[in-house]
$ cat target33.cif   # mmCIF, N, CA and C atoms
data_input
loop_
_atom_site.label_atom_id
_atom_site.label_comp_id
_atom_site.auth_asym_id
_atom_site.auth_seq_id
_atom_site.Cartn_x
_atom_site.Cartn_y
_atom_site.Cartn_z
N MET R 1 1.00 -17.09 -0.08
CA MET R 1 0.56 -18.46 -0.13
C MET R 1 -0.13 -18.80 1.17
N ARG R 2 -0.95 -19.82 1.14
CA ARG R 2 -1.63 -20.21 2.37
C ARG R 2 -0.76 -21.19 3.15
N GLU R 3 -1.11 -21.40 4.38
CA GLU R 3 -0.32 -22.24 5.27
C GLU R 3 -0.19 -23.68 4.75
N ARG R 4 -1.29 -24.26 4.31
CA ARG R 4 -1.28 -25.63 3.77
C ARG R 4 -1.92 -25.61 2.39
N ASP R 5 -1.12 -25.38 1.40
CA ASP R 5 -1.60 -25.20 0.04
C ASP R 5 -1.43 -26.50 -0.73
N GLY R 6 -2.53 -27.11 -1.15
CA GLY R 6 -2.47 -28.34 -1.93
C GLY R 6 -1.98 -28.12 -3.35
N GLN R 7 -1.87 -26.87 -3.76
CA GLN R 7 -1.45 -26.54 -5.12
C GLN R 7 0.04 -26.20 -5.21
N LEU R 8 0.62 -25.72 -4.14
CA LEU R 8 2.00 -25.26 -4.17
C LEU R 8 2.71 -25.71 -2.91
N ASP R 9 3.80 -26.41 -3.07
CA ASP R 9 4.61 -26.84 -1.94
C ASP R 9 5.40 -25.63 -1.42
N ARG R 10 5.36 -25.41 -0.14
CA ARG R 10 6.05 -24.26 0.45
C ARG R 10 7.54 -24.25 0.10
N HIS R 11 8.12 -25.42 -0.09
CA HIS R 11 9.54 -25.52 -0.46
C HIS R 11 9.84 -24.70 -1.71
N PHE R 12 8.97 -24.76 -2.71
CA PHE R 12 9.19 -24.02 -3.95
C PHE R 12 9.08 -22.51 -3.72
N ALA R 13 8.15 -22.11 -2.88
CA ALA R 13 7.99 -20.69 -2.58
C ALA R 13 9.21 -20.15 -1.84
N VAL R 14 9.72 -20.91 -0.88
CA VAL R 14 10.90 -20.49 -0.13
C VAL R 14 12.10 -20.41 -1.06
N ARG R 15 12.25 -21.38 -1.93
CA ARG R 15 13.36 -21.36 -2.88
C ARG R 15 13.25 -20.15 -3.81
N GLY R 16 12.06 -19.87 -4.28
CA GLY R 16 11.86 -18.74 -5.18
C GLY R 16 12.17 -17.41 -4.53
N VAL R 17 11.75 -17.24 -3.29
CA VAL R 17 11.98 -15.96 -2.60
C VAL R 17 13.47 -15.75 -2.35
N LYS R 18 14.23 -16.81 -2.23
CA LYS R 18 15.68 -16.69 -2.06
C LYS R 18 16.37 -16.31 -3.36
N GLN R 19 15.76 -16.63 -4.48
CA GLN R 19 16.40 -16.39 -5.79
C GLN R 19 15.97 -15.09 -6.45
N ILE R 20 14.91 -14.47 -5.96
CA ILE R 20 14.40 -13.25 -6.58
C ILE R 20 14.70 -12.06 -5.67
N ARG R 21 15.50 -11.14 -6.16
CA ARG R 21 15.90 -9.98 -5.38
C ARG R 21 14.66 -9.19 -4.90
N ASP R 22 14.67 -8.81 -3.66
CA ASP R 22 13.62 -8.01 -3.02
C ASP R 22 12.28 -8.73 -2.88
N ALA R 23 12.25 -10.03 -3.15
CA ALA R 23 10.99 -10.79 -3.02
C ALA R 23 10.64 -10.94 -1.54
N GLN R 24 9.36 -11.09 -1.27
CA GLN R 24 8.86 -11.34 0.08
C GLN R 24 7.90 -12.51 0.02
N LEU R 25 7.87 -13.29 1.07
CA LEU R 25 6.95 -14.42 1.18
C LEU R 25 6.08 -14.20 2.41
N HIS R 26 4.78 -14.25 2.21
CA HIS R 26 3.83 -14.13 3.31
C HIS R 26 2.95 -15.38 3.30
N VAL R 27 2.84 -16.02 4.45
CA VAL R 27 2.03 -17.23 4.58
C VAL R 27 0.75 -16.87 5.35
N PHE R 28 -0.39 -17.15 4.73
CA PHE R 28 -1.69 -16.83 5.31
C PHE R 28 -2.29 -18.09 5.92
N GLY R 29 -2.70 -18.03 7.16
CA GLY R 29 -3.39 -19.14 7.79
C GLY R 29 -4.90 -19.01 7.61
N GLY R 30 -5.58 -20.12 7.64
CA GLY R 30 -7.04 -20.11 7.63
C GLY R 30 -7.69 -19.73 6.32
N CYS R 31 -7.06 -20.06 5.21
CA CYS R 31 -7.68 -19.78 3.92
C CYS R 31 -7.26 -20.85 2.91
N GLY R 32 -7.89 -20.84 1.74
CA GLY R 32 -7.59 -21.81 0.70
C GLY R 32 -6.50 -21.31 -0.24
N HIS R 33 -6.48 -21.84 -1.45
CA HIS R 33 -5.44 -21.51 -2.42
C HIS R 33 -5.54 -20.09 -2.95
N TRP R 34 -6.74 -19.52 -3.03
CA TRP R 34 -6.94 -18.20 -3.62
C TRP R 34 -6.91 -17.12 -2.56
N VAL R 35 -5.75 -16.96 -1.93
CA VAL R 35 -5.60 -16.01 -0.82
C VAL R 35 -5.96 -14.59 -1.25
N GLN R 36 -5.69 -14.23 -2.50
CA GLN R 36 -5.99 -12.88 -2.97
C GLN R 36 -7.48 -12.58 -2.99
N LEU R 37 -8.31 -13.61 -2.98
CA LEU R 37 -9.76 -13.43 -2.91
C LEU R 37 -10.28 -13.65 -1.49
N GLU R 38 -9.74 -14.65 -0.83
CA GLU R 38 -10.25 -15.02 0.50
C GLU R 38 -9.81 -14.07 1.60
N ARG R 39 -8.67 -13.46 1.43
CA ARG R 39 -8.14 -12.48 2.40
C ARG R 39 -7.77 -11.21 1.64
N GLN R 40 -8.69 -10.72 0.84
CA GLN R 40 -8.44 -9.65 -0.11
C GLN R 40 -7.84 -8.40 0.52
N ALA R 41 -8.42 -7.91 1.59
CA ALA R 41 -7.93 -6.66 2.20
C ALA R 41 -6.49 -6.79 2.68
N GLU R 42 -6.18 -7.89 3.35
CA GLU R 42 -4.82 -8.10 3.86
C GLU R 42 -3.84 -8.27 2.70
N PHE R 43 -4.24 -9.03 1.68
CA PHE R 43 -3.40 -9.25 0.51
C PHE R 43 -3.10 -7.92 -0.19
N GLU R 44 -4.14 -7.12 -0.41
CA GLU R 44 -3.96 -5.85 -1.09
C GLU R 44 -3.08 -4.89 -0.30
N ARG R 45 -3.21 -4.92 1.03
CA ARG R 45 -2.36 -4.07 1.86
C ARG R 45 -0.89 -4.47 1.72
N LEU R 46 -0.61 -5.77 1.73
CA LEU R 46 0.77 -6.24 1.57
C LEU R 46 1.34 -5.85 0.21
N VAL R 47 0.54 -6.01 -0.84
CA VAL R 47 1.02 -5.65 -2.18
C VAL R 47 1.25 -4.15 -2.28
N THR R 48 0.31 -3.37 -1.77
CA THR R 48 0.45 -1.91 -1.81
C THR R 48 1.68 -1.45 -1.04
N ASP R 49 1.87 -1.98 0.15
CA ASP R 49 3.06 -1.63 0.95
C ASP R 49 4.34 -2.00 0.22
N PHE R 50 4.36 -3.17 -0.39
CA PHE R 50 5.54 -3.63 -1.12
C PHE R 50 5.85 -2.67 -2.28
N LEU R 51 4.83 -2.30 -3.04
CA LEU R 51 5.04 -1.43 -4.19
C LEU R 51 5.44 -0.02 -3.79
N GLN R 52 4.92 0.46 -2.67
CA GLN R 52 5.28 1.80 -2.21
C GLN R 52 6.72 1.88 -1.72
N GLU R 53 7.27 0.74 -1.32
CA GLU R 53 8.67 0.70 -0.87
C GLU R 53 9.64 0.83 -2.05
N ARG R 54 9.16 0.60 -3.25
CA ARG R 54 10.02 0.58 -4.44
C ARG R 54 10.15 1.94 -5.01
#

$ encode --input "target33.cif" --output "structure tokens"
Amino acid sequence: MRERDGQLDRHFAVRGVKQIRDAQLHVFGGCGHWVQLERQAEFERLVTDFLQER
């Protein structure tokens, strides 16, 4: 999620990550709601690293 997301309140993301086993939350600064497009390389690296840990 981005640092200041007008679409998603960070409270919900924090609550979700606490309820989902092995979940991770990463907050991206300096981008809009579509972090997977705006910071594609960094997003893909995080997802790839997460999946390789499993």

$ atom_distance --input "target33.cif" --atom1 "atom C of Ala41 in chain R" --atom2 "CA of Glu53 in chain R"
17.3 Å

$ atom_distance --input "target33.cif" --atom1 "atom N of Trp34 in chain R" --atom2 "atom N of Lys18 in chain R"
21.2 Å

$ select_by_dssp --input "target33.cif" --residues "chain R" --states "alpha helix (DSSP H)" --output "list in words"
Arg10, His11, Phe12, Ala13, Val14, Arg15, Gly16, Val17, Lys18, Gln19, Val35, Gln36, Leu37, Glu38, Gln40, Ala41, Glu42, Phe43, Glu44, Arg45, Leu46, Val47, Thr48, Asp49, Phe50, Leu51 and Gln52 of chain R

$ atom_distance --input "target33.cif" --atom1 "atom N of Gln52 in chain R" --atom2 "atom N of Ala23 in chain R"
12.8 Å

$ resolve_selection --input "target33.cif" --expression "the PyMOL selection byres (((chain R and resi 25 and name CA) around 10) and name CA)" --output "ChimeraX atom specification"
/R:1,10,13-14,16-18,23-24,26-28
